[in-house]
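**Q** For reference, this is work18.csv, and it has CSV, C-alpha atoms.
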```
chain,number,residue,atom,x,y,z
C,1030,MET,CA,0.0,0.0,0.0
C,1031,PRO,CA,1.5,3.4,-1.0
C,1032,LEU,CA,1.8,6.1,1.6
C,1033,GLY,CA,0.9,9.7,1.1
C,1034,LEU,CA,1.8,12.8,3.1
C,1035,ARG,CA,-1.0,14.5,4.9
C,1036,ARG,CA,-0.6,18.3,4.5
C,1037,LYS,CA,-2.3,21.3,6.0
C,1038,LYS,CA,-4.9,22.8,3.7
C,1039,LYS,CA,-3.3,26.3,3.7
C,1040,PHE,CA,-0.1,25.1,2.1
C,1041,THR,CA,-1.4,23.2,-0.9
C,1042,THR,CA,-4.6,22.8,-3.0
C,1043,LYS,CA,-4.3,19.1,-2.7
C,1044,GLU,CA,-4.2,17.5,0.7
C,1045,THR,CA,-2.1,14.5,-0.3
C,1046,SER,CA,1.2,14.2,-2.1
C,1047,ARG,CA,3.8,11.5,-2.5
C,1048,LEU,CA,6.0,11.1,0.6
C,1049,VAL,CA,9.5,11.6,-0.9
C,1050,GLU,CA,8.9,14.1,-3.6
C,1051,GLY,CA,9.7,17.8,-4.0
C,1052,GLU,CA,9.5,20.4,-6.8
C,1053,GLN,CA,10.9,24.0,-6.9
C,1054,THR,CA,8.8,26.7,-8.3
C,1055,ASN,CA,9.3,30.3,-9.4
C,1056,ALA,CA,7.3,33.4,-8.2
C,1057,ALA,CA,4.8,32.9,-10.9
C,1058,GLY,CA,4.1,29.4,-9.8
C,1059,GLY,CA,5.8,27.7,-12.8
C,1060,SER,CA,8.5,25.1,-12.6
C,1061,LEU,CA,12.2,26.0,-12.8
C,1062,PRO,CA,13.5,23.4,-15.3
C,1063,SER,CA,17.1,24.8,-15.2
C,1064,LEU,CA,17.5,23.9,-11.5
C,1065,PRO,CA,17.5,20.4,-10.2
C,1066,ALA,CA,14.5,19.7,-7.9
C,1067,PRO,CA,15.7,19.3,-4.3
C,1068,THR,CA,15.0,16.0,-2.6
C,1069,CYS,CA,12.5,16.3,0.2
C,1070,ARG,CA,14.1,14.6,3.2
C,1071,LEU,CA,11.3,13.6,5.6
C,1072,VAL,CA,12.3,12.0,8.9
C,1073,PHE,CA,9.8,10.5,11.3
C,1074,HIS,CA,10.2,9.4,14.9
C,1075,THR,CA,9.2,6.0,15.9
C,1076,GLN,CA,9.0,3.7,19.0
C,1077,LEU,CA,7.8,0.1,19.6
C,1078,ALA,CA,4.4,0.4,21.2
C,1079,HIS,CA,5.3,-1.9,24.2
C,1080,GLY,CA,8.3,0.3,25.0
C,1081,SER,CA,11.6,1.2,23.4
C,1082,ALA,CA,14.0,4.0,22.7
C,1083,THR,CA,13.1,6.5,20.0
C,1084,GLY,CA,14.3,5.7,16.5
C,1085,ARG,CA,14.1,7.6,13.2
C,1086,VAL,CA,12.9,6.4,9.8
C,1087,GLU,CA,13.0,8.0,6.4
C,1088,ASN,CA,13.0,7.2,2.7
C,1089,PHE,CA,9.9,5.0,2.5
C,1090,SER,CA,6.9,5.2,0.3
C,1091,SER,CA,4.8,2.2,1.2
C,1092,ILE,CA,3.6,0.3,4.3
C,1093,ARG,CA,5.9,-2.6,3.6
C,1094,GLU,CA,8.9,-0.3,3.3
C,1095,LEU,CA,8.0,1.5,6.5
C,1096,TYR,CA,7.7,-1.8,8.4
C,1097,ALA,CA,11.1,-2.9,7.1
C,1098,LYS,CA,12.7,0.4,8.1
C,1099,ILE,CA,11.3,0.1,11.6
C,1100,ALA,CA,12.4,-3.5,11.9
C,1101,GLY,CA,15.9,-2.4,10.9
C,1102,VAL,CA,16.0,0.5,13.4
C,1103,PHE,CA,15.1,-1.7,16.3
C,1104,GLU,CA,16.9,-4.9,15.1
C,1105,ILE,CA,13.8,-6.9,15.7
C,1106,SER,CA,14.5,-10.6,16.0
C,1107,PRO,CA,12.3,-13.5,17.2
C,1108,SER,CA,14.5,-14.1,20.2
C,1109,GLU,CA,13.2,-10.9,21.8
C,1110,PHE,CA,9.7,-12.4,22.2
C,1111,PHE,CA,8.7,-14.7,25.0
C,1112,ALA,CA,5.4,-16.1,26.4
C,1113,SER,CA,3.7,-14.4,29.3
C,1114,VAL,CA,1.6,-16.3,31.7
C,1115,LEU,CA,-2.0,-15.2,32.0
C,1116,SER,CA,-3.6,-15.2,35.4
C,1117,VAL,CA,-6.5,-17.3,34.0
C,1118,ARG,CA,-6.2,-19.7,31.2
C,1119,PRO,CA,-9.7,-20.8,29.9
C,1120,LEU,CA,-9.8,-24.4,28.5
C,1121,CYS,CA,-10.5,-23.0,25.0
C,1122,LEU,CA,-7.2,-21.0,25.0
C,1123,LYS,CA,-3.7,-22.2,24.1
C,1124,LEU,CA,-0.6,-20.0,24.4
C,1125,GLU,CA,2.5,-20.2,22.2
C,1126,LEU,CA,5.6,-18.2,21.3
C,1127,PRO,CA,5.5,-16.4,18.0
C,1128,GLU,CA,7.2,-18.4,15.2
C,1129,SER,CA,10.4,-17.2,13.6
C,1130,GLU,CA,9.6,-14.5,11.1
C,1131,SER,CA,11.7,-11.8,9.5
C,1132,LEU,CA,9.1,-9.1,10.1
C,1133,LEU,CA,7.0,-9.1,13.3
C,1134,ILE,CA,5.2,-5.8,13.0
C,1135,LEU,CA,1.4,-6.2,13.0
C,1136,TYR,CA,0.4,-2.5,12.4
C,1137,CYS,CA,1.3,1.0,13.5
C,1138,THR,CA,-0.7,3.7,15.3
C,1139,LEU,CA,0.0,7.4,15.1
C,1140,ASN,CA,0.8,9.5,18.2
C,1141,THR,CA,-0.3,6.9,20.7
C,1142,PRO,CA,1.2,3.5,21.8
C,1143,LYS,CA,-2.3,2.2,22.7
C,1144,VAL,CA,-4.2,-0.3,20.6
C,1145,ASP,CA,-6.4,2.5,19.3
C,1146,MET,CA,-8.2,1.7,16.1
C,1147,GLY,CA,-9.0,5.3,15.5
C,1148,LYS,CA,-5.3,6.1,15.3
C,1149,LEU,CA,-4.2,3.4,12.8
C,1150,LEU,CA,-1.7,4.4,10.2
C,1151,GLY,CA,-3.5,4.3,6.9
C,1152,ALA,CA,-2.7,5.6,3.5
C,1153,GLN,CA,-1.6,9.0,4.8
C,1154,ILE,CA,0.9,10.3,7.4
C,1155,GLY,CA,1.4,13.9,8.8
C,1156,LEU,CA,4.7,15.7,9.0
C,1157,GLU,CA,4.5,15.8,12.8
C,1158,ASP,CA,3.1,12.3,13.4
C,1159,PHE,CA,4.9,10.0,15.8
C,1160,ILE,CA,4.8,6.3,14.7
C,1161,PHE,CA,4.3,3.5,17.2
C,1162,ALA,CA,4.8,0.0,15.9
C,1163,HIS,CA,2.8,-2.9,17.4
C,1164,VAL,CA,4.7,-6.2,17.1
C,1165,LYS,CA,3.6,-9.8,17.5
C,1166,GLY,CA,3.1,-11.0,21.0
C,1167,ILE,CA,1.3,-14.1,22.4
C,1168,LYS,CA,-0.4,-16.6,20.1
C,1169,LYS,CA,-3.9,-17.7,21.0
C,1170,GLU,CA,-6.1,-20.5,19.7
C,1171,VAL,CA,-9.8,-19.9,20.5
C,1172,ASN,CA,-12.8,-22.0,19.9
C,1173,VAL,CA,-16.0,-20.1,19.2
C,1174,TYR,CA,-19.6,-21.5,18.8
C,1175,LYS,CA,-21.5,-19.6,16.1
C,1176,SER,CA,-25.0,-19.4,17.6
C,1177,GLU,CA,-26.0,-16.5,15.4
C,1178,ASP,CA,-25.4,-15.4,11.8
C,1179,SER,CA,-23.5,-12.3,12.9
C,1180,LEU,CA,-20.3,-12.7,15.0
C,1181,GLY,CA,-20.1,-9.0,15.8
C,1182,LEU,CA,-16.7,-8.4,14.3
C,1183,THR,CA,-15.3,-5.6,12.2
C,1184,ILE,CA,-12.1,-6.6,10.3
C,1185,THR,CA,-9.4,-4.4,8.8
C,1186,ASP,CA,-5.9,-5.0,7.5
C,1187,ASN,CA,-2.5,-3.3,7.6
C,1188,GLY,CA,-2.0,-3.2,3.8
C,1189,ALA,CA,0.9,-5.7,4.1
C,1190,GLY,CA,-0.9,-9.0,4.6
C,1191,TYR,CA,-2.1,-9.0,8.2
C,1192,ALA,CA,-5.9,-8.8,8.9
C,1193,PHE,CA,-6.9,-7.9,12.4
C,1194,ILE,CA,-9.9,-7.1,14.6
C,1195,LYS,CA,-10.9,-3.4,14.4
C,1196,ARG,CA,-14.1,-3.5,16.5
C,1197,ILE,CA,-16.2,-5.9,18.6
C,1198,LYS,CA,-19.9,-5.2,18.9
C,1199,ASP,CA,-21.2,-5.1,22.5
C,1200,GLY,CA,-23.2,-8.2,23.4
C,1201,SER,CA,-22.2,-10.1,20.3
C,1202,ILE,CA,-20.9,-13.7,20.1
C,1203,VAL,CA,-17.3,-12.6,20.0
C,1204,ASP,CA,-17.8,-10.1,22.8
C,1205,SER,CA,-18.7,-13.0,25.1
C,1206,VAL,CA,-15.3,-14.6,24.4
C,1207,LYS,CA,-13.1,-12.4,26.5
C,1208,THR,CA,-9.8,-13.8,25.1
C,1209,ILE,CA,-10.6,-12.3,21.7
C,1210,CYS,CA,-9.5,-8.6,21.7
C,1211,VAL,CA,-9.5,-5.6,19.5
C,1212,GLY,CA,-6.1,-5.4,17.8
C,1213,ASP,CA,-5.7,-9.2,17.6
C,1214,HIS,CA,-4.3,-10.4,14.3
C,1215,ILE,CA,-6.3,-13.3,12.7
C,1216,GLU,CA,-3.7,-15.8,11.5
C,1217,ALA,CA,-6.0,-18.7,10.6
C,1218,ILE,CA,-9.6,-19.8,10.6
C,1219,ASN,CA,-10.3,-23.5,11.1
C,1220,GLY,CA,-6.7,-24.3,10.4
C,1221,GLU,CA,-6.6,-22.3,7.1
C,1222,THR,CA,-3.9,-19.7,7.1
C,1223,ILE,CA,-5.2,-16.3,6.0
C,1224,VAL,CA,-2.0,-14.3,6.1
C,1225,GLY,CA,-1.9,-12.2,2.9
C,1226,TRP,CA,-5.7,-11.9,2.7
C,1227,ARG,CA,-7.5,-8.6,2.5
C,1228,HIS,CA,-9.9,-7.7,5.3
C,1229,PHE,CA,-13.0,-8.2,3.1
C,1230,ASP,CA,-11.9,-11.7,2.2
C,1231,VAL,CA,-11.5,-12.5,5.9
C,1232,ALA,CA,-14.9,-11.1,6.7
C,1233,LYS,CA,-16.5,-13.1,3.9
C,1234,LYS,CA,-14.8,-16.3,5.2
C,1235,LEU,CA,-16.2,-15.7,8.7
C,1236,LYS,CA,-19.7,-14.9,7.4
C,1237,GLU,CA,-19.7,-18.2,5.4
C,1238,LEU,CA,-19.0,-20.3,8.5
C,1239,LYS,CA,-22.0,-22.5,9.3
C,1240,LYS,CA,-24.4,-21.5,12.1
C,1241,GLU,CA,-24.7,-23.8,15.1
C,1242,GLU,CA,-21.2,-25.1,14.7
C,1243,LEU,CA,-17.9,-24.6,16.5
C,1244,PHE,CA,-15.0,-23.0,14.7
C,1245,THR,CA,-11.4,-22.2,15.6
C,1246,LEU,CA,-9.5,-18.9,15.4
C,1247,LYS,CA,-5.7,-18.7,15.6
C,1248,LEU,CA,-4.9,-15.2,16.8
C,1249,ILE,CA,-1.8,-13.2,17.7
C,1250,GLU,CA,-2.2,-10.3,20.1
C,1251,PRO,CA,0.2,-7.3,20.0
C,1252,LYS,CA,3.0,-7.4,22.5
C,1253,ARG,CA,2.0,-5.6,25.7
C,1254,ALA,CA,4.1,-3.4,28.0
C,1255,PHE,CA,4.8,-4.9,31.4
C,1256,GLY,CA,3.9,-3.2,34.6
```
Any chance you could put this one into structure tokens?
**A**
Amino acid sequence: MPLGLRRKKKFTTKETSRLVEGEQTNAAGGSLPSLPAPTCRLVFHTQLAHGSATGRVENFSSIRELYAKIAGVFEISPSEFFASVLSVRPLCLKLELPESESLLILYCTLNTPKVDMGKLLGAQIGLEDFIFAHVKGIKKEVNVYKSEDSLGLTITDNGAGYAFIKRIKDGSIVDSVKTICVGDHIEAINGETIVGWRHFDVAKKLKELKKEELFTLKLIEPKRAFG
């Protein structure tokens, strides 16, 4: 997914432009072909949402490039992740360590380290936005009984192959399963891996599950800060 730069209205007639792109103009508004266009060097500050030092990223134009830059800044490796023990383990829940993967970033939020679906990094980013990267934490396997047609889930994706839960409707089937949380990445449905699927394909798959039957979700929650 390409990223655009969110600008203030008073500066440009268009609110969105390419991230790393600049053009010099003369007083009349025309281009100056005799002079080379300066490179617009945009630098953004970033942290891991569960806690880290502040890093800097630049020279990216897509979600995938941004995630790779952040992973490089923090030298993310699978050995940094470990299982946490929950105070209560329902019988329907199994915990595992995340598997070895070169990229462990689920999604990013802007200007908050919280799992706030209203602050998700989408197709645009502002000049003063601070990027918080949410990385893979505990794996969960949850059994859900579909007693109604609607599960009460809203699904979105990060534009780089990971679908996750954006909203859970109060009083819905999923709302009654407290181990399923907003921000959880849906890795598999009934054993079928859905990594790489868009959110609408995942929603369609969930809708097509038969009523009055049990199904299994493999989820990965974002890593949490301790304390």
**Q** What separation in Å, quoted to one decimal, exists between atom CA of C:Val1086 and atom CA of C:Ile1215?
**A**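 Atom-to-atom, atom CA of C:Val1086 and atom CA of C:Ile1215 are spaced 27.7 Å apart.
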**Q** Please compute the atom CA of C:Val1173-atom CA of C:Glu1216 distance, one decimal, in Å.
**A**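 Computed distance, atom CA of C:Val1173 to atom CA of C:Glu1216, equals 15.1 Å.
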**Q** Within 10 Å of (15.3, 4.0, 18.4), in the coordinates the file gives, what residues turn up when you count all atoms listed in the file, written out as a VMD selection string?
**A** chain C and resid 1074 to 1077 1081 to 1086 1099 1101 to 1104
**Q** For C:Phe1073, which residue among C:Phe1229, C:Phe1244, C:Tyr1191, C:Phe1161 is the nearest when counting only C-alpha atoms?
**A**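 Distance minimum relative to C:Phe1073 lands on C:Phe1161.
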**Q** I'd like the contact shell of C:Ala1192 - 10 Å cut-off, all atoms listed in the file, skipping same-chain residues fewer than 2 positions apart - returned as JSON, numbers by chain.
**A** {"C": [1135, 1136, 1184, 1185, 1186, 1187, 1188, 1189, 1190, 1194, 1195, 1212, 1213, 1214, 1215, 1216, 1223, 1224, 1225, 1226, 1227, 1228, 1229, 1230, 1231, 1232]}
**Q** Tell me, in Å to one decimal, how far atom CA of C:Val1171 is from atom CA of C:Leu1150.
**A**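 Going from atom CA of C:Val1171 over to atom CA of C:Leu1150, I get 27.6 Å.
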**Q** So that I can check the surroundings of C:Arg1253, please list as a PyMOL selection string every protein, DNA and RNA residue that reaches within 9 Å of it, counting all atoms listed in the file and ignoring chain neighbours fewer than 5 positions away.
**A** chain C and resi 1078-1080+1163+1166
**Q** Choose the residue, out of C:Asp1145, C:Val1164, C:Glu1094, C:Leu1235, that has the smallest atom-to-atom separation from C:Asp1178; count all atoms listed in the file.
**A**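 Among the listed residues, the smallest separation from C:Asp1178 belongs to C:Leu1235.
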**Q** Can you tell me, as an NGL selection string, what residues are no more than 12 Å from C:Thr1245 when counting all atoms listed in the file, ignoring any on the same chain fewer than 6 positions away?
**A** :C and (1121-1123 or 1169-1175 or 1209 or 1215-1222 or 1235 or 1238)
**Q** Closest to C:Pro1251 among C:Ile1160, C:Ala1100, C:Leu1095, C:Val1144, using only C-alpha atoms?
**A**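 Closest candidate: C:Val1144.
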**Q** For a cutoff of 10 Å around the file-coordinate point (-21.9, -11.4, 15.1), which residues qualify once you count all atoms listed in the file? I'd like the result as a PyMOL selection string.
**A** chain C and resi 1175-1183+1197-1204+1235-1236
